[in-house]
Every structure is written in C-alpha cells, then in structure tokens.
>>> print(open('start-v3.cif').read())   # mmCIF, C-alpha atoms, pLDDT in the B column; chains and numbers go by the auth columns
data_model
#
loop_
_atom_site.group_PDB
_atom_site.id
_atom_site.type_symbol
_atom_site.label_atom_id
_atom_site.label_comp_id
_atom_site.label_asym_id
_atom_site.label_seq_id
_atom_site.Cartn_x
_atom_site.Cartn_y
_atom_site.Cartn_z
_atom_site.B_iso_or_equiv
_atom_site.auth_seq_id
_atom_site.auth_asym_id
ATOM 1 C CA VAL A 1 5.052 -2.829 -17.183 54.00 6 I
ATOM 2 C CA GLY A 2 3.513 -0.736 -14.390 77.00 7 I
ATOM 3 C CA ALA A 3 0.276 1.174 -14.531 85.00 8 I
ATOM 4 C CA ASP A 4 0.296 4.842 -15.540 94.00 9 I
ATOM 5 C CA TYR A 5 -2.639 5.677 -13.284 96.00 10 I
ATOM 6 C CA VAL A 6 -4.806 3.813 -10.776 95.00 11 I
ATOM 7 C CA ALA A 7 -8.298 4.708 -9.547 97.00 12 I
ATOM 8 C CA LEU A 8 -9.701 2.718 -6.631 96.00 13 I
ATOM 9 C CA ASP A 9 -13.338 2.938 -5.567 94.00 14 I
ATOM 10 C CA VAL A 10 -13.797 2.506 -1.831 93.00 15 I
ATOM 11 C CA LYS A 11 -17.537 2.101 -1.375 89.00 16 I
ATOM 12 C CA THR A 12 -17.728 1.492 2.377 90.00 17 I
ATOM 13 C CA LEU A 13 -15.973 -0.002 5.392 89.00 18 I
ATOM 14 C CA PRO A 14 -14.458 -3.502 5.084 85.00 19 I
ATOM 15 C CA GLY A 15 -17.014 -5.040 7.452 82.00 20 I
ATOM 16 C CA ARG A 16 -19.873 -3.799 5.310 84.00 21 I
ATOM 17 C CA TYR A 17 -18.259 -5.226 2.159 75.00 22 I
ATOM 18 C CA ALA A 18 -17.999 -8.541 3.975 72.00 23 I
ATOM 19 C CA GLN A 19 -21.670 -8.477 4.976 76.00 24 I
ATOM 20 C CA ARG A 20 -22.785 -7.823 1.418 73.00 25 I
ATOM 21 C CA LEU A 21 -20.394 -10.332 -0.145 69.00 26 I
ATOM 22 C CA GLY A 22 -20.709 -13.051 2.473 71.00 27 I
ATOM 23 C CA ALA A 23 -16.941 -12.919 3.013 67.00 28 I
ATOM 24 C CA ARG A 24 -14.825 -12.693 6.144 72.00 29 I
ATOM 25 C CA ALA A 25 -14.230 -9.093 7.207 66.00 30 I
ATOM 26 C CA ASP A 26 -10.499 -9.639 7.801 74.00 31 I
ATOM 27 C CA ASP A 27 -10.075 -11.068 4.273 80.00 32 I
ATOM 28 C CA VAL A 28 -11.826 -8.059 2.743 79.00 33 I
ATOM 29 C CA GLU A 29 -9.884 -5.623 4.917 83.00 34 I
ATOM 30 C CA GLY A 30 -6.555 -7.241 4.011 88.00 35 I
ATOM 31 C CA ARG A 31 -7.248 -7.012 0.291 89.00 36 I
ATOM 32 C CA LEU A 32 -8.503 -3.448 0.565 90.00 37 I
ATOM 33 C CA ARG A 33 -5.441 -2.392 2.569 92.00 38 I
ATOM 34 C CA GLU A 34 -3.136 -3.999 -0.032 95.00 39 I
ATOM 35 C CA SER A 35 -4.889 -2.040 -2.782 95.00 40 I
ATOM 36 C CA LEU A 36 -4.626 1.172 -0.769 96.00 41 I
ATOM 37 C CA ASP A 37 -0.898 0.564 -0.264 96.00 42 I
ATOM 38 C CA VAL A 38 -0.503 0.501 -4.063 95.00 43 I
ATOM 39 C CA VAL A 39 -2.456 3.770 -4.346 97.00 44 I
ATOM 40 C CA ARG A 40 -0.314 5.407 -1.634 97.00 45 I
ATOM 41 C CA ALA A 41 2.889 4.271 -3.326 96.00 46 I
ATOM 42 C CA MET A 42 1.774 5.769 -6.642 96.00 47 I
ATOM 43 C CA GLY A 43 1.187 9.220 -5.098 96.00 48 I
ATOM 44 C CA GLU A 44 -0.260 11.708 -7.583 96.00 49 I
ATOM 45 C CA ARG A 45 -0.599 8.974 -10.202 97.00 50 I
ATOM 46 C CA ALA A 46 -3.494 7.412 -8.297 97.00 51 I
ATOM 47 C CA GLU A 47 -6.790 8.327 -6.690 97.00 52 I
ATOM 48 C CA VAL A 48 -9.385 6.915 -4.362 98.00 53 I
ATOM 49 C CA ARG A 49 -13.043 7.526 -5.131 97.00 54 I
ATOM 50 C CA VAL A 50 -15.612 7.523 -2.357 96.00 55 I
ATOM 51 C CA THR A 51 -19.281 7.706 -3.306 92.00 56 I
ATOM 52 C CA ALA A 52 -21.329 9.482 -0.645 94.00 57 I
ATOM 53 C CA ALA A 53 -24.406 7.278 -0.309 89.00 58 I
ATOM 54 C CA PRO A 54 -26.799 6.444 2.509 87.00 59 I
ATOM 55 C CA GLY A 55 -25.796 3.277 4.347 84.00 60 I
ATOM 56 C CA LEU A 56 -22.440 2.982 2.582 86.00 61 I
ATOM 57 C CA ALA A 57 -20.416 6.177 2.905 92.00 62 I
ATOM 58 C CA ASP A 58 -22.268 8.657 5.075 92.00 63 I
ATOM 59 C CA ARG A 59 -21.597 10.922 8.049 92.00 64 I
ATOM 60 C CA GLU A 60 -21.569 7.912 10.362 91.00 65 I
ATOM 61 C CA THR A 61 -18.914 5.928 8.467 93.00 66 I
ATOM 62 C CA VAL A 62 -16.676 8.605 6.988 94.00 67 I
ATOM 63 C CA ALA A 63 -14.462 9.021 10.078 90.00 68 I
ATOM 64 C CA GLU A 64 -13.518 5.334 9.943 92.00 69 I
ATOM 65 C CA MET A 65 -13.081 5.539 6.186 94.00 70 I
ATOM 66 C CA ALA A 66 -10.741 8.510 6.681 96.00 71 I
ATOM 67 C CA SER A 67 -8.408 6.409 8.804 94.00 72 I
ATOM 68 C CA LEU A 68 -8.549 3.655 6.169 94.00 73 I
ATOM 69 C CA VAL A 69 -7.455 5.984 3.328 96.00 74 I
ATOM 70 C CA GLN A 70 -4.983 7.963 5.452 96.00 75 I
ATOM 71 C CA GLY A 71 -1.899 8.953 3.492 97.00 76 I
ATOM 72 C CA VAL A 72 -3.491 8.715 0.041 98.00 77 I
ATOM 73 C CA ALA A 73 -2.505 11.692 -2.114 98.00 78 I
ATOM 74 C CA ARG A 74 -5.883 12.293 -3.800 97.00 79 I
ATOM 75 C CA VAL A 75 -9.426 11.404 -2.826 98.00 80 I
ATOM 76 C CA PHE A 76 -12.506 12.339 -4.816 98.00 81 I
ATOM 77 C CA LEU A 77 -15.831 12.375 -2.997 97.00 82 I
ATOM 78 C CA GLN A 78 -18.774 11.839 -5.338 94.00 83 I
ATOM 79 C CA PRO A 79 -22.387 12.240 -4.184 92.00 84 I
ATOM 80 C CA VAL A 80 -24.497 9.287 -5.335 87.00 85 I
ATOM 81 C CA SER A 81 -26.653 9.866 -8.398 79.00 86 I
ATOM 82 C CA CYS A 82 -29.647 7.598 -8.952 73.00 87 I
ATOM 83 C CA ARG A 83 -31.196 8.905 -12.113 72.00 88 I
ATOM 84 C CA PRO A 84 -33.106 6.459 -14.328 70.00 89 I
ATOM 85 C CA PRO A 85 -32.541 4.285 -16.194 73.00 90 I
ATOM 86 C CA LEU A 86 -30.908 2.051 -13.566 71.00 91 I
ATOM 87 C CA LEU A 87 -30.143 -1.651 -13.592 74.00 92 I
ATOM 88 C CA ASP A 88 -31.954 -1.989 -10.258 74.00 93 I
ATOM 89 C CA PRO A 89 -35.067 0.240 -10.064 75.00 94 I
ATOM 90 C CA ALA A 90 -34.923 0.079 -6.238 73.00 95 I
ATOM 91 C CA PHE A 91 -32.061 2.580 -6.411 72.00 96 I
ATOM 92 C CA GLU A 92 -34.433 5.208 -7.827 74.00 97 I
ATOM 93 C CA LYS A 93 -35.663 5.686 -4.243 77.00 98 I
ATOM 94 C CA VAL A 94 -32.185 6.459 -2.864 79.00 99 I
ATOM 95 C CA GLN A 95 -31.828 10.111 -1.956 82.00 100 I
ATOM 96 C CA PRO A 96 -28.453 11.784 -2.478 85.00 101 I
ATOM 97 C CA PRO A 97 -26.904 13.277 0.655 90.00 102 I
ATOM 98 C CA ALA A 98 -27.473 16.945 1.444 92.00 103 I
ATOM 99 C CA ASP A 99 -24.766 19.360 0.312 93.00 104 I
ATOM 100 C CA GLU A 100 -23.798 20.116 3.924 95.00 105 I
ATOM 101 C CA ASP A 101 -23.325 16.382 4.603 95.00 106 I
ATOM 102 C CA VAL A 102 -21.077 16.033 1.558 95.00 107 I
ATOM 103 C CA GLU A 103 -19.027 19.046 2.656 96.00 108 I
ATOM 104 C CA TYR A 104 -18.717 17.575 6.157 97.00 109 I
ATOM 105 C CA MET A 105 -17.447 14.287 4.674 97.00 110 I
ATOM 106 C CA ARG A 106 -14.990 16.165 2.465 97.00 111 I
ATOM 107 C CA THR A 107 -13.623 18.059 5.475 97.00 112 I
ATOM 108 C CA VAL A 108 -13.193 14.877 7.527 97.00 113 I
ATOM 109 C CA LEU A 109 -11.490 13.019 4.665 97.00 114 I
ATOM 110 C CA ALA A 110 -9.243 16.003 3.852 97.00 115 I
ATOM 111 C CA GLU A 111 -7.708 15.815 7.327 97.00 116 I
ATOM 112 C CA SER A 112 -6.261 12.360 6.510 96.00 117 I
ATOM 113 C CA VAL A 113 -5.242 12.653 2.869 97.00 118 I
ATOM 114 C CA GLY A 114 -3.263 14.967 0.603 96.00 119 I
ATOM 115 C CA ALA A 115 -6.365 16.471 -0.993 97.00 120 I
ATOM 116 C CA CYS A 116 -10.081 15.670 -1.054 97.00 121 I
ATOM 117 C CA THR A 117 -12.227 17.176 -3.784 97.00 122 I
ATOM 118 C CA ILE A 118 -15.960 16.883 -4.368 96.00 123 I
ATOM 119 C CA ARG A 119 -16.608 15.527 -7.851 93.00 124 I
ATOM 120 C CA SER A 120 -20.022 15.824 -9.454 81.00 125 I
ATOM 121 C CA MET A 121 -21.469 12.621 -10.858 58.00 126 I
ATOM 122 C CA GLY A 122 -24.004 14.243 -13.065 52.00 127 I
#
>>> encode(input="start-v3.cif", output="structure tokens")
Amino acid sequence: VGADYVALDVKTLPGRYAQRLGARADDVEGRLRESLDVVRAMGERAEVRVTAAPGLADRETVAEMASLVQGVARVFLQPVSCRPPLLDPAFEKVQPPADEDVEYMRTVLAESVGACTIRSMG
C-alpha cells in the first residue's frame, strides 16, 4: 500500500547534515536525493518543508538548496520559531530571519520548484 501524502523536511545542505551527524556527506546526500525522488514522483501528493533558520537554511545556503529540491511540486518555507518552552533552552537565543530574507529565500526556491509558499509556524 502506497502513501497518500508525504512531507519531507529538508533542514540544510547534505554536507551540514553530515557534519552534525558525524556521517559521510555522500551517504547523507544519496539518502536525501532518494527521498526527494519519491517526493518528485508523488507530485501534488507530497511537499518539502524548509525551515528558514540561521546557519541551516539562510540566504547563503538557499541557492544550493534550490538546486537540491529542483522539480518538486510544492515547497513550504517556514521561518524558525523559538518560543519557550523548548527542549534545548539555547534555542531561545536564535533570532528568526527578517521578513525580507524569508521573501528572498521564497523567490529563489520558487524558481526551481512548482510552487513555494511561506508558511507561518506560529
């Protein structure tokens, strides 16, 4: 039985996943690309979620992320929200990106995918 709907969170570039997980970048990239192939094949019955967050998905990384998700039908860009209570209090110091940065990221992602919409997380 196949899935009715798939949502895939892409937090950052494969190399950054590898750094945080202590894994090989090519292993992470291969798995991520396989997952994205499933999302592409499902068309409108799937989405990719990208959380705009400093050091993960920001103005500097979004162009590379756009090429990674190219061909996906639907991408939702969600600005990070770090409102207490949080499992890790260190995240309370993380500042959400400025609205103009989020709009810039949406525009860049929209050039590679079917549609990119900003989704509020709060």
>>> closest_residue(input="start-v3.cif", among="I:Val33, I:Val43, I:Ala8, I:Leu18", to="Gly76 in chain I", atoms="only C-alpha atoms")
I:Val43
>>> closest_residue(input="start-v3.cif", among="I:Val53, I:Val15, I:Gly48, I:Ile123", to="Pro84 in chain I", atoms="all atoms listed in the file")
I:Ile123
>>> residues_around(input="start-v3.cif", residues="range 102-115 of chain I", least_positions_apart="6", cutoff="8 Å", atoms="all atoms listed in the file", output="number ranges by chain")
I: 57-59, 63-64, 67-68, 70-71, 80, 82, 84-85, 121-123
>>> atom_distance(input="start-v3.cif", atom1="CA of Ser86 in chain I", atom2="CA of Gln100 in chain I")
8.3 Å
>>> atom_distance(input="start-v3.cif", atom1="CA of Arg29 in chain I", atom2="CA of Thr17 in chain I")
15.0 Å
>>> residues_around(input="start-v3.cif", residues="Ala51 in chain I", least_positions_apart="4", cutoff="8 Å", atoms="all atoms listed in the file", output="list in words")
Tyr10, Val11, Ala12, Leu13, Val44, Arg45, Met47, Ala78 and Arg79 of chain I
>>> closest_residue(input="start-v3.cif", among="I:Lys98, I:Arg88, I:Lys16, I:Arg124", to="Val55 in chain I", atoms="all atoms listed in the file")
I:Lys16
>>> atom_distance(input="start-v3.cif", atom1="CA of Asp42 in chain I", atom2="CA of Val118 in chain I")
13.2 Å
>>> closest_residue(input="start-v3.cif", among="I:Gly7, I:Pro90, I:Pro19, I:Gly119", to="Ala62 in chain I", atoms="only C-alpha atoms")
I:Pro19
>>> closest_residue(input="start-v3.cif", among="I:Glu49, I:Glu65, I:Glu34, I:Phe81", to="Asp14 in chain I", atoms="all atoms listed in the file")
I:Phe81
>>> closest_residue(input="start-v3.cif", among="I:Val74, I:Leu41, I:Leu61, I:Ala120", to="Pro101 in chain I", atoms="all atoms listed in the file")
I:Leu61
